[in-house]
Amino acid sequence: MTKPYLIADILLRRGLPENVVKEITRLAENEIVWLKKKWSLDEVER
């Protein structure tokens, strides 16, 4: 994972709003959605 994805992952898991995470990391909306989908897959595997 590259730095912006790692930072976004941590911030979203800590409960920051998506728009704040997008401003901090400069990720696109579809990249934020991808991270959230990744979480749902991780939860199923556990």
# chains A, B, ... in the order shown; residues from 1 in each chain; ligands from 1

$ residues_around --residues "A:Ile24" --least-positions-apart "5" --cutoff "10 Å" --atoms "only C-alpha atoms" --output "JSON, numbers by chain"
{"A": [4, 7, 8, 11, 18, 19]}

$ write_last_selection --atoms "N, CA, C and O atoms" --output "PDB file, in the first residue's frame"
ATOM      1  N   PRO A   4      -0.499   7.436   0.594  1.00  0.00           N
ATOM      2  CA  PRO A   4      -1.846   8.038   0.667  1.00  0.00           C
ATOM      3  C   PRO A   4      -2.926   7.012   1.024  1.00  0.00           C
ATOM      4  O   PRO A   4      -3.845   7.322   1.780  1.00  0.00           O
ATOM      5  N   ILE A   7      -2.556   6.156   4.797  1.00  0.00           N
ATOM      6  CA  ILE A   7      -3.055   7.268   5.608  1.00  0.00           C
ATOM      7  C   ILE A   7      -4.578   7.326   5.558  1.00  0.00           C
ATOM      8  O   ILE A   7      -5.237   7.466   6.587  1.00  0.00           O
ATOM      9  N   ALA A   8      -5.141   7.195   4.357  1.00  0.00           N
ATOM     10  CA  ALA A   8      -6.605   7.216   4.222  1.00  0.00           C
ATOM     11  C   ALA A   8      -7.238   6.061   4.979  1.00  0.00           C
ATOM     12  O   ALA A   8      -8.268   6.238   5.639  1.00  0.00           O
ATOM     13  N   LEU A  11      -7.171   6.945   8.711  1.00  0.00           N
ATOM     14  CA  LEU A  11      -8.090   8.032   9.050  1.00  0.00           C
ATOM     15  C   LEU A  11      -9.552   7.612   8.957  1.00  0.00           C
ATOM     16  O   LEU A  11     -10.365   7.966   9.815  1.00  0.00           O
ATOM     17  N   GLU A  18     -15.324  11.323   5.084  1.00  0.00           N
ATOM     18  CA  GLU A  18     -14.688  11.066   3.784  1.00  0.00           C
ATOM     19  C   GLU A  18     -14.140  12.332   3.155  1.00  0.00           C
ATOM     20  O   GLU A  18     -13.052  12.315   2.581  1.00  0.00           O
ATOM     21  N   ASN A  19     -14.892  13.431   3.235  1.00  0.00           N
ATOM     22  CA  ASN A  19     -14.426  14.658   2.589  1.00  0.00           C
ATOM     23  C   ASN A  19     -13.140  15.181   3.223  1.00  0.00           C
ATOM     24  O   ASN A  19     -12.286  15.732   2.540  1.00  0.00           O
TER      25      ASN A  19
END

$ residues_around --residues "A:Leu27" --least-positions-apart "5" --cutoff "12 Å" --atoms "only C-alpha atoms" --output "ChimeraX atom specification"
/A:2-9,18-22,32-35

$ select_by_dssp --residues "chain A" --states "alpha helix (DSSP H)" --output "VMD selection string"
chain A and resid 3 to 13 18 to 25 29 to 45
